[in-house]
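One file, query38.tsv, carrying TSV, C-alpha atoms:
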```
chain	number	residue	atom	x	y	z
A	4	MET	CA	32.61	5.23	7.76
A	5	ARG	CA	33.41	6.25	4.17
A	6	ALA	CA	35.46	3.09	3.66
A	7	ALA	CA	32.50	0.98	4.72
A	8	TYR	CA	30.31	2.75	2.19
A	9	THR	CA	32.85	2.06	-0.56
A	10	LEU	CA	32.84	-1.62	0.33
A	11	VAL	CA	29.06	-1.73	0.10
A	12	LEU	CA	29.00	-0.03	-3.28
A	13	LEU	CA	31.58	-2.43	-4.73
A	14	TYR	CA	29.07	-5.26	-4.38
A	15	ALA	CA	25.87	-3.23	-5.03
A	16	PRO	CA	23.44	-6.16	-4.65
A	17	GLY	CA	20.34	-6.04	-6.81
A	18	PRO	CA	16.70	-6.75	-5.93
A	19	LYS	CA	16.99	-10.52	-6.22
A	20	ASP	CA	18.50	-13.47	-4.40
A	21	PHE	CA	17.54	-11.97	-1.05
A	22	PRO	CA	18.43	-13.97	2.09
A	23	GLN	CA	15.71	-16.33	3.27
A	24	LEU	CA	13.33	-14.81	5.84
A	25	LYS	CA	13.85	-16.31	9.30
A	26	ASN	CA	11.04	-14.59	11.23
A	27	ASP	CA	7.75	-14.19	9.33
A	28	THR	CA	5.55	-13.60	12.41
A	29	PHE	CA	4.76	-10.02	11.39
A	30	LEU	CA	3.73	-11.03	7.87
A	31	ARG	CA	1.56	-13.88	9.13
A	32	ALA	CA	-0.22	-11.62	11.61
A	33	ALA	CA	-0.78	-9.05	8.85
A	34	ARG	CA	-2.37	-11.72	6.66
A	35	GLY	CA	-4.54	-13.00	9.51
A	36	GLU	CA	-2.64	-16.26	9.97
A	37	GLN	CA	-1.93	-17.97	13.29
A	38	THR	CA	1.08	-16.75	15.29
A	39	GLN	CA	2.80	-18.13	18.39
A	40	HIS	CA	3.40	-14.65	19.75
A	41	VAL	CA	2.24	-11.14	18.89
A	42	PRO	CA	4.75	-9.42	16.59
A	43	VAL	CA	5.93	-5.96	17.57
A	44	TRP	CA	7.67	-2.99	15.98
A	45	CYS	CA	7.57	0.77	16.59
A	46	MET	CA	6.85	3.66	14.31
A	47	ARG	CA	9.97	5.88	14.22
A	48	GLN	CA	11.96	3.00	15.71
A	49	ALA	CA	14.99	4.39	13.87
A	50	GLY	CA	15.23	7.78	15.53
A	51	ARG	CA	16.73	10.33	17.86
A	52	TYR	CA	16.04	8.35	21.03
A	53	LEU	CA	19.02	6.17	20.05
A	54	PRO	CA	22.44	7.68	20.85
A	55	GLU	CA	23.96	5.90	17.87
A	56	PHE	CA	21.35	7.55	15.62
A	57	ARG	CA	22.20	11.01	16.97
A	58	GLU	CA	25.90	10.33	16.54
A	59	PHE	CA	25.48	9.09	12.97
A	60	ARG	CA	23.23	12.01	11.96
A	61	ALA	CA	25.28	14.76	13.65
A	62	GLY	CA	26.09	17.60	11.28
A	63	LYS	CA	24.31	16.01	8.31
A	64	ASP	CA	21.38	17.49	6.40
A	65	PHE	CA	18.26	15.38	6.91
A	66	PHE	CA	17.27	15.02	3.27
A	67	ASP	CA	20.89	14.43	2.23
A	68	THR	CA	20.76	11.49	4.60
A	69	CYS	CA	17.49	10.32	3.04
A	70	ARG	CA	19.16	10.40	-0.39
A	71	SER	CA	22.02	8.15	0.73
A	72	PRO	CA	21.08	4.44	0.44
A	73	GLU	CA	24.00	3.49	2.66
A	74	ALA	CA	22.98	5.94	5.39
A	75	CYS	CA	19.32	4.83	5.25
A	76	CYS	CA	20.41	1.20	5.48
A	77	GLU	CA	22.57	1.87	8.54
A	78	LEU	CA	19.82	3.83	10.32
A	79	THR	CA	17.24	1.12	9.56
A	80	LEU	CA	19.50	-1.55	11.01
A	81	GLN	CA	20.42	0.30	14.23
A	82	PRO	CA	17.28	-0.57	16.24
A	83	LEU	CA	17.46	-4.21	15.10
A	84	ARG	CA	20.85	-4.51	16.75
A	85	ARG	CA	19.36	-3.43	20.08
A	86	PHE	CA	15.83	-4.82	20.16
A	87	ASP	CA	14.01	-8.03	19.27
A	88	PHE	CA	11.63	-6.34	16.83
A	89	ASP	CA	9.62	-8.53	14.44
A	90	ALA	CA	9.79	-6.02	11.58
A	91	SER	CA	11.89	-3.12	10.31
A	92	ILE	CA	10.81	-0.04	8.38
A	93	ILE	CA	13.07	1.67	5.88
A	94	PHE	CA	14.49	5.00	7.06
A	95	SER	CA	13.10	7.72	4.78
A	96	ASP	CA	10.47	10.46	4.91
A	97	ILE	CA	6.98	10.94	3.51
A	98	LEU	CA	7.95	14.29	1.96
A	99	VAL	CA	10.23	12.75	-0.65
A	100	VAL	CA	7.06	12.49	-2.77
A	101	PRO	CA	6.43	16.27	-2.98
A	102	GLN	CA	10.14	16.65	-3.69
A	103	ALA	CA	9.82	14.22	-6.58
A	104	MET	CA	6.94	16.33	-7.89
A	105	GLY	CA	9.18	19.39	-8.02
A	106	MET	CA	8.68	21.10	-4.65
A	107	GLU	CA	11.49	22.17	-2.35
A	108	VAL	CA	11.37	20.84	1.22
A	109	GLN	CA	13.83	21.70	3.97
A	110	MET	CA	14.19	20.21	7.44
A	111	VAL	CA	14.58	23.29	9.64
A	112	PRO	CA	16.04	22.69	13.14
A	113	GLY	CA	13.47	23.44	15.82
A	114	LYS	CA	10.66	23.78	13.27
A	115	GLY	CA	10.60	20.57	11.28
A	116	PRO	CA	9.77	20.10	7.58
A	117	THR	CA	9.29	23.40	5.76
A	118	PHE	CA	8.26	24.29	2.20
A	119	PRO	CA	9.86	27.66	1.35
A	120	ASP	CA	7.34	28.13	-1.48
A	121	PRO	CA	4.10	26.27	-0.68
A	122	LEU	CA	1.06	26.06	-2.95
A	123	LYS	CA	-1.03	29.20	-2.37
A	124	ASP	CA	-3.71	29.03	-5.05
A	125	PRO	CA	-4.85	26.65	-7.83
A	126	GLU	CA	-2.54	28.26	-10.40
A	127	ASP	CA	0.41	26.99	-8.37
A	128	LEU	CA	-0.36	23.42	-9.44
A	129	GLN	CA	1.30	24.36	-12.72
A	130	ARG	CA	4.60	24.36	-10.83
A	131	LEU	CA	4.30	20.62	-10.22
A	132	LYS	CA	5.69	18.13	-12.70
A	133	THR	CA	2.93	16.85	-14.96
A	134	LYS	CA	4.56	13.44	-15.21
A	135	VAL	CA	6.80	12.12	-12.44
A	136	ASP	CA	9.39	9.49	-13.33
A	137	VAL	CA	9.35	7.73	-9.97
A	138	GLN	CA	12.13	5.33	-10.93
A	139	LYS	CA	14.40	8.30	-11.60
A	140	GLU	CA	13.30	10.74	-8.90
A	141	LEU	CA	13.06	8.25	-6.03
A	142	ASP	CA	15.70	5.77	-7.14
A	143	TYR	CA	17.64	6.44	-3.93
A	144	VAL	CA	14.77	5.04	-1.84
A	145	PHE	CA	14.61	1.89	-3.96
A	146	LYS	CA	18.37	1.41	-3.67
A	147	ALA	CA	18.12	1.85	0.10
A	148	ILE	CA	15.41	-0.80	0.30
A	149	THR	CA	17.37	-3.29	-1.80
A	150	LEU	CA	20.59	-2.74	0.13
A	151	THR	CA	18.82	-2.97	3.49
A	152	ARG	CA	16.91	-6.10	2.51
A	153	HIS	CA	20.26	-7.79	1.83
A	154	LYS	CA	21.92	-6.43	4.96
A	155	ILE	CA	19.09	-7.53	7.27
A	156	GLU	CA	20.01	-11.06	6.20
A	157	GLY	CA	16.45	-12.32	6.59
A	158	LYS	CA	16.24	-11.50	10.30
A	159	VAL	CA	12.85	-9.75	9.95
A	160	PRO	CA	10.69	-8.37	7.11
A	161	LEU	CA	11.32	-4.89	5.72
A	162	ILE	CA	8.41	-2.43	5.51
A	163	GLY	CA	8.23	0.28	2.86
A	164	PHE	CA	5.97	3.31	3.31
A	165	THR	CA	4.49	6.49	1.93
A	166	GLY	CA	2.50	9.45	3.07
A	167	ALA	CA	-1.13	9.44	1.91
A	168	PRO	CA	-2.49	12.03	-0.53
A	169	TRP	CA	-4.40	14.17	1.96
A	170	THR	CA	-1.48	14.32	4.40
A	171	LEU	CA	0.97	15.27	1.63
A	172	MET	CA	-1.44	17.86	0.26
A	173	SER	CA	-1.66	19.34	3.77
A	174	TYR	CA	2.10	19.89	3.94
A	175	MET	CA	2.31	21.19	0.38
A	176	ILE	CA	-0.25	23.94	1.06
A	177	GLU	CA	0.39	24.73	4.73
A	178	GLY	CA	4.14	24.80	4.13
A	179	SER	CA	4.83	23.15	7.50
A	180	GLY	CA	2.99	21.77	10.49
A	181	SER	CA	-0.10	23.67	11.64
A	182	LYS	CA	-2.48	23.98	14.58
A	183	THR	CA	-5.56	24.74	12.49
A	184	PHE	CA	-4.69	23.51	8.96
A	185	SER	CA	-6.92	26.36	7.82
A	186	LYS	CA	-4.98	26.97	4.59
A	187	VAL	CA	-5.36	23.45	3.24
A	188	LYS	CA	-8.89	22.95	4.56
A	189	SER	CA	-9.97	26.18	2.89
A	190	TRP	CA	-9.00	24.59	-0.46
A	191	LEU	CA	-11.53	21.81	0.13
A	192	TYR	CA	-14.33	24.35	0.50
A	193	ARG	CA	-13.14	26.97	-2.01
A	194	TYR	CA	-11.58	24.76	-4.68
A	195	PRO	CA	-13.05	21.25	-4.33
A	196	GLU	CA	-12.43	20.27	-7.96
A	197	VAL	CA	-8.83	21.46	-7.88
A	198	SER	CA	-8.33	19.68	-4.56
A	199	HIS	CA	-9.49	16.42	-6.12
A	200	MET	CA	-7.18	17.06	-9.06
A	201	LEU	CA	-4.17	17.41	-6.73
A	202	LEU	CA	-5.18	14.38	-4.65
A	203	LYS	CA	-5.49	12.31	-7.84
A	204	ARG	CA	-2.05	13.38	-9.04
A	205	LEU	CA	-0.56	12.49	-5.67
A	206	THR	CA	-2.33	9.12	-5.76
A	207	ASP	CA	-0.84	8.28	-9.16
A	208	VAL	CA	2.69	9.04	-7.94
A	209	ILE	CA	2.15	7.12	-4.70
A	210	VAL	CA	0.95	3.99	-6.53
A	211	ASP	CA	4.07	3.98	-8.71
A	212	TYR	CA	6.22	4.68	-5.65
A	213	LEU	CA	4.81	1.77	-3.64
A	214	LEU	CA	5.10	-0.63	-6.56
A	215	GLY	CA	8.71	0.48	-6.96
A	216	GLN	CA	9.36	-0.23	-3.29
A	217	VAL	CA	8.03	-3.76	-3.66
A	218	ALA	CA	10.14	-4.32	-6.77
A	219	ALA	CA	13.14	-3.13	-4.76
A	220	GLY	CA	12.45	-5.63	-1.97
A	221	ALA	CA	9.86	-4.23	0.46
A	222	GLN	CA	7.87	-7.08	2.03
A	223	ALA	CA	5.02	-4.96	3.42
A	224	LEU	CA	3.76	-1.40	2.88
A	225	GLN	CA	2.35	1.19	5.25
A	226	VAL	CA	0.38	4.26	4.16
A	227	PHE	CA	0.53	7.13	6.66
A	228	GLU	CA	-2.57	9.35	6.68
A	229	SER	CA	-1.20	11.30	9.63
A	230	HIS	CA	-3.57	14.27	9.20
A	231	ALA	CA	-6.81	12.32	8.79
A	232	GLY	CA	-8.09	13.56	12.13
A	233	ILE	CA	-8.26	17.21	11.10
A	234	LEU	CA	-11.16	16.30	8.79
A	235	GLY	CA	-14.73	15.66	9.81
A	236	PRO	CA	-16.50	12.46	8.70
A	237	VAL	CA	-18.05	14.06	5.59
A	238	GLU	CA	-14.76	15.54	4.34
A	239	PHE	CA	-12.91	12.34	5.24
A	240	LYS	CA	-15.22	10.33	3.00
A	241	ALA	CA	-14.91	12.86	0.19
A	242	PHE	CA	-11.23	13.84	0.18
A	243	CYS	CA	-9.39	11.09	2.03
A	244	LEU	CA	-11.03	7.66	1.92
A	245	PRO	CA	-11.47	7.36	-1.89
A	246	TYR	CA	-7.77	7.92	-2.46
A	247	LEU	CA	-6.69	5.55	0.29
A	248	ARG	CA	-8.90	2.89	-1.30
A	249	ASP	CA	-7.61	3.65	-4.78
A	250	ILE	CA	-4.00	3.27	-3.68
A	251	ALA	CA	-4.55	-0.13	-2.05
A	252	ARG	CA	-6.74	-1.45	-4.86
A	253	ARG	CA	-4.38	-0.42	-7.65
A	254	VAL	CA	-1.24	-1.64	-5.87
A	255	LYS	CA	-2.88	-4.97	-4.98
A	256	ASP	CA	-4.24	-5.49	-8.51
A	257	GLN	CA	-0.88	-4.85	-10.15
A	258	LEU	CA	1.00	-7.05	-7.70
A	259	LYS	CA	-1.54	-9.82	-8.24
A	260	GLU	CA	-0.68	-9.85	-11.93
A	261	THR	CA	2.85	-10.94	-10.99
A	262	GLY	CA	1.70	-13.38	-8.30
A	263	GLN	CA	2.83	-11.22	-5.39
A	264	ASP	CA	1.03	-10.87	-2.07
A	265	VAL	CA	2.39	-7.93	-0.08
A	266	PRO	CA	0.42	-6.94	3.06
A	267	MET	CA	-0.66	-3.30	3.20
A	268	ILE	CA	-1.26	-1.25	6.36
A	269	VAL	CA	-3.22	1.98	6.62
A	270	PHE	CA	-2.68	4.38	9.53
A	271	ALA	CA	-5.30	7.14	9.55
A	272	LYS	CA	-4.55	8.94	12.79
A	273	ASP	CA	-7.56	10.20	14.79
A	274	ALA	CA	-10.07	8.99	12.20
A	275	HIS	CA	-12.19	7.10	14.74
A	276	TYR	CA	-15.30	7.56	12.64
A	277	GLY	CA	-13.61	5.86	9.67
A	278	LEU	CA	-12.68	2.48	11.13
A	279	GLU	CA	-15.49	0.53	9.48
A	280	ASP	CA	-14.80	2.15	6.11
A	281	LEU	CA	-11.05	1.60	6.43
A	282	SER	CA	-11.61	-2.09	7.18
A	283	GLN	CA	-13.32	-2.39	3.78
A	284	SER	CA	-10.68	-0.49	1.81
A	285	TYR	CA	-8.46	-3.33	0.49
A	286	TYR	CA	-5.88	-3.00	3.29
A	287	ASP	CA	-4.82	-6.05	5.28
A	288	VAL	CA	-4.13	-4.12	8.48
A	289	VAL	CA	-5.65	-1.03	10.08
A	290	SER	CA	-3.25	0.73	12.45
A	291	LEU	CA	-4.74	2.59	15.40
A	292	ASP	CA	-3.74	5.55	17.54
A	293	TRP	CA	-3.97	5.33	21.34
A	294	THR	CA	-7.33	7.10	21.65
A	295	ILE	CA	-9.27	4.10	20.34
A	296	ASP	CA	-10.47	1.28	22.60
A	297	PRO	CA	-9.16	-2.06	21.27
A	298	ARG	CA	-12.44	-3.92	21.81
A	299	LEU	CA	-14.42	-1.20	20.07
A	300	ALA	CA	-11.95	-1.27	17.17
A	301	ARG	CA	-12.41	-5.04	16.86
A	302	GLU	CA	-16.17	-4.57	16.86
A	303	GLN	CA	-16.17	-1.79	14.25
A	304	THR	CA	-13.78	-3.59	11.89
A	305	GLY	CA	-15.76	-6.83	12.23
A	306	GLY	CA	-12.84	-9.22	11.87
A	307	LYS	CA	-12.24	-8.11	8.26
A	308	VAL	CA	-8.66	-6.97	8.93
A	309	SER	CA	-5.78	-7.39	11.32
A	310	LEU	CA	-5.20	-4.52	13.72
A	311	GLN	CA	-2.00	-2.73	14.69
A	312	GLY	CA	-1.18	-0.40	17.59
A	313	ASN	CA	-2.01	1.29	19.83
A	314	MET	CA	-0.07	1.97	23.05
A	315	ASP	CA	0.27	5.62	24.00
A	316	PRO	CA	3.91	6.50	23.26
A	317	CYS	CA	4.04	8.37	26.57
A	318	ALA	CA	3.50	5.05	28.36
A	319	LEU	CA	7.18	4.41	27.64
A	320	TYR	CA	8.01	7.04	30.26
A	321	ALA	CA	6.58	4.72	32.91
A	322	PRO	CA	8.69	2.34	35.03
A	323	LYS	CA	9.40	-1.00	33.33
A	324	GLU	CA	6.97	-2.89	35.59
A	325	ARG	CA	4.20	-0.48	34.67
A	326	ILE	CA	5.04	-0.81	30.96
A	327	SER	CA	4.56	-4.57	31.32
A	328	GLU	CA	1.15	-4.06	32.95
A	329	ILE	CA	0.04	-1.63	30.23
A	330	VAL	CA	1.11	-4.09	27.52
A	331	LYS	CA	-0.79	-6.93	29.20
A	332	THR	CA	-3.98	-4.85	29.34
A	333	MET	CA	-3.54	-3.88	25.69
A	334	LEU	CA	-3.11	-7.51	24.64
A	335	GLU	CA	-6.21	-8.51	26.58
A	336	GLY	CA	-8.16	-5.88	24.65
A	337	PHE	CA	-6.92	-6.85	21.19
A	338	GLY	CA	-6.39	-10.57	21.68
A	339	THR	CA	-3.26	-12.31	20.45
A	340	GLN	CA	-4.24	-13.15	16.87
A	341	ARG	CA	-4.59	-10.93	13.81
A	342	TYR	CA	-2.76	-8.32	15.84
A	343	ILE	CA	0.55	-6.44	15.57
A	344	ALA	CA	1.70	-4.54	18.65
A	345	ASN	CA	2.93	-1.01	18.07
A	346	LEU	CA	2.66	2.47	19.52
A	347	GLY	CA	-0.28	4.71	18.68
A	348	HIS	CA	2.21	7.05	16.98
A	349	GLY	CA	5.99	7.35	16.73
A	350	MET	CA	8.81	7.30	19.26
A	351	TYR	CA	9.76	10.59	20.94
A	352	PRO	CA	13.38	11.81	20.95
A	353	ASP	CA	13.80	11.82	24.76
A	354	MET	CA	12.66	8.24	25.34
A	355	ASP	CA	14.88	5.72	27.10
A	356	PRO	CA	15.95	2.83	24.85
A	357	GLU	CA	15.62	0.53	27.85
A	358	SER	CA	11.90	1.32	27.95
A	359	VAL	CA	11.60	0.23	24.32
A	360	ALA	CA	13.31	-3.03	25.22
A	361	ALA	CA	10.83	-3.49	28.09
A	362	PHE	CA	7.92	-2.87	25.71
A	363	VAL	CA	9.13	-5.43	23.17
A	364	GLU	CA	9.92	-8.02	25.84
A	365	ALA	CA	6.51	-7.57	27.49
A	366	VAL	CA	4.65	-8.05	24.20
A	367	HIS	CA	6.48	-11.29	23.48
A	368	LYS	CA	6.26	-12.65	27.02
A	369	HIS	CA	2.61	-11.88	27.72
A	370	SER	CA	1.37	-12.95	24.27
A	371	ARG	CA	3.16	-16.30	24.49
A	372	GLN	CA	1.68	-16.91	27.93
A	373	MET	CA	-1.80	-15.94	26.75
A	374	ASN	CA	-1.54	-18.24	23.73
A	375	LYS	CA	-0.58	-21.17	25.93
A	376	GLN	CA	-3.61	-20.57	28.15
A	377	GLN	CA	-6.05	-20.63	25.21
```

Will you turn the file into structure tokens for me?
Amino acid sequence: MRAAYTLVLLYAPGPKDFPQLKNDTFLRAARGEQTQHVPVWCMRQAGRYLPEFREFRAGKDFFDTCRSPEACCELTLQPLRRFDFDASIIFSDILVVPQAMGMEVQMVPGKGPTFPDPLKDPEDLQRLKTKVDVQKELDYVFKAITLTRHKIEGKVPLIGFTGAPWTLMSYMIEGSGSKTFSKVKSWLYRYPEVSHMLLKRLTDVIVDYLLGQVAAGAQALQVFESHAGILGPVEFKAFCLPYLRDIARRVKDQLKETGQDVPMIVFAKDAHYGLEDLSQSYYDVVSLDWTIDPRLAREQTGGKVSLQGNMDPCALYAPKERISEIVKTMLEGFGTQRYIANLGHGMYPDMDPESVAAFVEAVHKHSRQMNKQQ
């Protein structure tokens, strides 16, 4: 494998002269344009459910892997060799942003991401870098995107991503996952001004990070607000929504200056009460978890955006025939236009790759049939 890496580095292609895109169905659906079939991809489609992923990652530190452009490229490409996905998403992690700001993050086996020294009180913000040079600190992500964009050879678009401010703040204060998120939520009530200060600093880094991903070759961007659902509607509107809007507005405005149109997706998990607001927040696509009825989502977003989602990941444990039925029902709820099929969250490690293939095939087959009948 080392020889292959050496070969890649000898050529080190830059972020230009990318191969021509052959399948733009995902991008057209994101922009609200007509498509012949519903595009499909899966969150965490590069992951432990693939035996080749487990083999490649064996014995390697997770964040060391994230810092290797060649490794990220290989892991991004693995699912595309197996499945007829309409998009790919760069292999990385949302917590590279807190790392770039000066915090240590470890991936602990059996526990997940862990901050050995989380933020405990407002004075701890002094430990964060006051000015983050994103081009320097996250250069490895940009190199991975550029390399992968070349290696995909135009088969499908490449999605870049980031965690959203509130979700990143949650990890930085909790120190890991949590059942109650009481540590970070207590900041909102005890230190609201400091909380806004941290969210603003995260927003500034994220904007630079996303713009850097586009410059490196990302053709779409997804913002993961994975912990939106631990907030109530009032706190969501105060500490989450303004920063999501600010990210999309600033990224869009700066890209517009250079004549670029890159679709942006927002995934605010469990924020049912925020659908209408999210549809008016400068994003092209609102991604949905599986607890939201497709027809209700269409009604609440009022045709302002495309929708993405929202099959329960656990549906992939069903027999293939049942997966096909579930997909058909989902498509009937969303319709076949301005829609991107996906799961309502990411893949689980014990899922059968054959079930993923059945999911992708069912989306393409049923959506083509439904389009012909219209």

One-decimal distance in Å that lies between atom CA of Ala251 of chain A and atom CA of Val144 of chain A: 20.0 Å

Best match for closeness to Val187 of chain A among A:Leu346, A:Leu122, A:Ile250, A:Leu150, counting only C-alpha atoms: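 Of A:Leu346, A:Leu122, A:Ile250, A:Leu150, the one nearest Val187 of chain A is A:Leu122, counting only C-alpha atoms.
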
Would you mind listing what lies within 10 Å of segment 322-337 of chain A as an MDAnalysis selection string, with only C-alpha atoms counted and same-chain residues fewer than 4 positions away left out? chainID A and resid 41 296:301 309:315 318 341:344 357:370 373

Quick check, in Å to one decimal: how far apart do atom CA of Arg34 of chain A and atom CA of Glu156 of chain A lie?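 According to the coordinates, atom CA of Arg34 of chain A and atom CA of Glu156 of chain A are separated by 22.4 Å.
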
Go through A:Asp120, A:Asp211, A:Asp273, A:Asp280 one by one, measure the shortest atom-to-atom distance of each to Gln257 of chain A using only C-alpha atoms, and give the residue with the smallest value.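 Result for the nearest residue to Gln257 of chain A: A:Asp211.
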
Would you kindly place N, CA and C atoms on segment 108-123 of chain A and return the model as a CSV table (one decimal), keeping the file's coordinate frame?
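The resulting file, out.csv, is reproduced below:
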```csv
chain,number,residue,atom,x,y,z
A,108,VAL,N,11.7,21.1,-0.2
A,108,VAL,CA,11.4,20.8,1.2
A,108,VAL,C,12.7,20.9,2.0
A,109,GLN,N,12.7,21.6,3.1
A,109,GLN,CA,13.8,21.7,4.0
A,109,GLN,C,13.5,21.2,5.4
A,110,MET,N,14.4,20.6,6.1
A,110,MET,CA,14.2,20.2,7.4
A,110,MET,C,14.9,21.3,8.3
A,111,VAL,N,14.1,22.2,8.9
A,111,VAL,CA,14.6,23.3,9.6
A,111,VAL,C,14.7,22.9,11.1
A,112,PRO,N,15.9,23.0,11.7
A,112,PRO,CA,16.0,22.7,13.1
A,112,PRO,C,15.1,23.5,14.0
A,113,GLY,N,14.4,22.8,14.9
A,113,GLY,CA,13.5,23.4,15.8
A,113,GLY,C,12.1,23.7,15.2
A,114,LYS,N,12.0,23.5,13.9
A,114,LYS,CA,10.7,23.8,13.3
A,114,LYS,C,10.1,22.5,12.6
A,115,GLY,N,11.0,21.7,12.0
A,115,GLY,CA,10.6,20.6,11.3
A,115,GLY,C,10.5,20.8,9.8
A,116,PRO,N,9.8,20.0,9.0
A,116,PRO,CA,9.8,20.1,7.6
A,116,PRO,C,9.1,21.4,7.2
A,117,THR,N,9.8,22.1,6.2
A,117,THR,CA,9.3,23.4,5.8
A,117,THR,C,9.4,23.5,4.2
A,118,PHE,N,8.3,24.0,3.6
A,118,PHE,CA,8.3,24.3,2.2
A,118,PHE,C,8.5,25.8,2.0
A,119,PRO,N,9.6,26.2,1.5
A,119,PRO,CA,9.9,27.7,1.4
A,119,PRO,C,8.8,28.3,0.4
A,120,ASP,N,8.3,27.6,-0.5
A,120,ASP,CA,7.3,28.1,-1.5
A,120,ASP,C,6.1,27.2,-1.6
A,121,PRO,N,5.2,27.2,-0.6
A,121,PRO,CA,4.1,26.3,-0.7
A,121,PRO,C,3.1,26.7,-1.8
A,122,LEU,N,2.1,25.8,-2.0
A,122,LEU,CA,1.1,26.1,-3.0
A,122,LEU,C,0.1,27.0,-2.3
A,123,LYS,N,-0.2,28.2,-3.0
A,123,LYS,CA,-1.0,29.2,-2.4
A,123,LYS,C,-2.4,29.3,-3.1
```
